[in-house]
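The next block holds one structure in the form of structure tokens; read it before the comments.
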Amino acid sequence: MFFIFVIVTYLLSLLIANLTVRDRISKFIIFTHLSYWLICLAFSYFNPFGLYEVSSRTYAIFILHTLSFLIGFLVVYPRINNEGLSAIDVKCWETIDKIQKNKLWLIFCCCYILLMLYVFYQYKEVILIYTVSDVARNIDLLFEDKGLLSSVYRLVLPAFNIIFVFLLTYSFLYKKEWKYIVIYAIPVVIKSLIGGSRGSIMIIVVYIGILYLFSFFLGVRHKNSKMLTTKKIALLSIAFIFVYVTASYLSYLRNITRGGEATELTINAIEEGARDLNKDILVYHIGPFRAFDYAMERNYLKNIGGYQYGRATFMGLEGFISMFTTQIGYEIKTVYDKTVKVQQANIITIGNSSHDGPIEFNFAYTNAMIFYYDLGVWGVFLFSFLYGMMTRVAIKRLYRKKSLFSLMIVTYLFYSITRVGFQWVFVSPAIFVFLFLLLFCDLSIWGGKRSYLKTQN
């Protein structure tokens, strides 16, 4: 009966969204959000792979989270004309062209690549002593001290990595200028290899889908782009296979138990990684529901000293401030240290598979867990509502400004929505650096009618 209630609730939500949301981008984003939760909760209800059952109370909190996001999303209403959306498309592509032809930007890209190569060299030295998973959990192992380079790696490099992923996706889909594809791909691939992280790979996959669909919603595609042709389908298929094989190999690397052992790229390694990846895809999306339920049963909120009153939701910003205070000798005990860091260090069991044995999990407790740390159930309602408002405000700003930087913000917010069932992406200080950088560009004359992004000949 409860399962039927969940299905009916989400179907009604989809109906309300269809009747009230008029603009194409907003409709695409809210439909994706609601459909994601509907599909995940439906799969979760049947407890595949021997996953433990989730309580009705936990499911009710997730429903509250989704409906609150929808309400916040609907409160902001952008008055736009879908017929005039082509201006966004044209202006964004023109700005990218100016950026890519700017010599200072190319010099910066070369410096960024050299820095990433240096970090990768450090990484190759470190994994001879530690495991890949050790480095993924503690990136400070790459540096002798927690100095400037460590802060740059945590704050600046991830922010620019997201920008490079955006430009890489654009160059692949529309420009086909291989010089820029290679320039953007090198640091992105290196970032993915460090610690066996699949984050950059996931962003690329999502961005390809978002930007390609946006090109249709905005009305006019780039002058060099065409409808899906046999050649484009073949290229996208090759890209998908490459991404899948890369992600499979990264899954294999993350499961190595001894550092520096059997890290060669082989068929057996890819096959073993692919099996883990296929299971991970489903478990990673519905496993966090069990983790959240586990946290409710063991009263994680009491363990961290009660409500955090907004510090958990904005822990990324708090971490950003903490990095600077640490440099002057004043260390702040952040919420991240007693929540996400503790969750990541403590492995819990969320199921027992007849084939693989106990299913262990850590870190990912859904974004609702972060909101719950702040104000309990009221926190889930309040911050989900504000999250929905923030997303729609960003879309409204995109329609008004029609700038590249607004499109980047909306694209990343959409990516964050695809991750809410797994984690709250704003726990990272680098995300705030990324957003502040884009907002600065968008609020300055770079995002307006005039531009200082002049082509350097």
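Residues in the structure tokens are numbered from 1 in each chain, the chains being A, B, ... in the order shown, and ligands are numbered from 1 in the order shown.
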Exercise. If you count only C-alpha atoms, which residues fall within 12 Å of Ala239 in chain A, apart from same-chain ones fewer than 4 positions away, as an MDAnalysis selection string?
Worked result: chainID A and resid 169 172:173 201 204:205 208 232:235 243:246
Exercise. Quick one: DSSP alpha helix (DSSP H) residues in range 31-97 of chain A, as a PyMOL selection string?
Worked result: chain A and resi 31-45+56-75+86-97
List every residue of range 270-308 of chain A that has an atom at most 12 Å from any atom of range 410-434 of chain A, giving for each one its closest atom pair and the distance in Å to one decimal, counting only C-alpha atoms, sorted by chain and then by ascending residue number, as JSON lines.
```
{"residue": "A:Asp280", "atom": "CA", "partner": "A:Phe422", "partner_atom": "CA", "distance": 11.8}
{"residue": "A:Ile281", "atom": "CA", "partner": "A:Phe422", "partner_atom": "CA", "distance": 10.9}
{"residue": "A:Leu282", "atom": "CA", "partner": "A:Phe422", "partner_atom": "CA", "distance": 11.1}
{"residue": "A:Val283", "atom": "CA", "partner": "A:Phe422", "partner_atom": "CA", "distance": 10.1}
{"residue": "A:Tyr284", "atom": "CA", "partner": "A:Phe422", "partner_atom": "CA", "distance": 6.8}
{"residue": "A:His285", "atom": "CA", "partner": "A:Phe422", "partner_atom": "CA", "distance": 6.0}
{"residue": "A:Ile286", "atom": "CA", "partner": "A:Gly421", "partner_atom": "CA", "distance": 7.6}
{"residue": "A:Gly287", "atom": "CA", "partner": "A:Phe422", "partner_atom": "CA", "distance": 8.3}
{"residue": "A:Pro288", "atom": "CA", "partner": "A:Phe422", "partner_atom": "CA", "distance": 5.9}
{"residue": "A:Phe289", "atom": "CA", "partner": "A:Gly421", "partner_atom": "CA", "distance": 7.9}
{"residue": "A:Arg290", "atom": "CA", "partner": "A:Phe422", "partner_atom": "CA", "distance": 11.2}
{"residue": "A:Ala291", "atom": "CA", "partner": "A:Phe422", "partner_atom": "CA", "distance": 10.1}
{"residue": "A:Phe292", "atom": "CA", "partner": "A:Phe422", "partner_atom": "CA", "distance": 10.3}
```
Problem set entry | Residues near Tyr180 in chain A, cut-off 9 Å, only C-alpha atoms, skip fewer than 6 positions along chain, as a ChimeraX atom specification | /A:100,167-168,171-172
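In this model, the gap between CA of Gln344 in chain A and CA of Met116 in chain A comes to 25.7 Å.
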For this session: Would you list the contacts of range 393-395 of chain A as a PyMOL selection string, taking every protein, DNA or RNA residue within 9 Å and counting only C-alpha atoms, but skipping same-chain residues closer than 4 positions in sequence?
Result: chain A and resi 25-26+73+76-78+388-389+399-400+406-407+409-410+413
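For the pair CA of Tyr121 in chain A and CA of Val165 in chain A, the interatomic distance is 21.8 Å.
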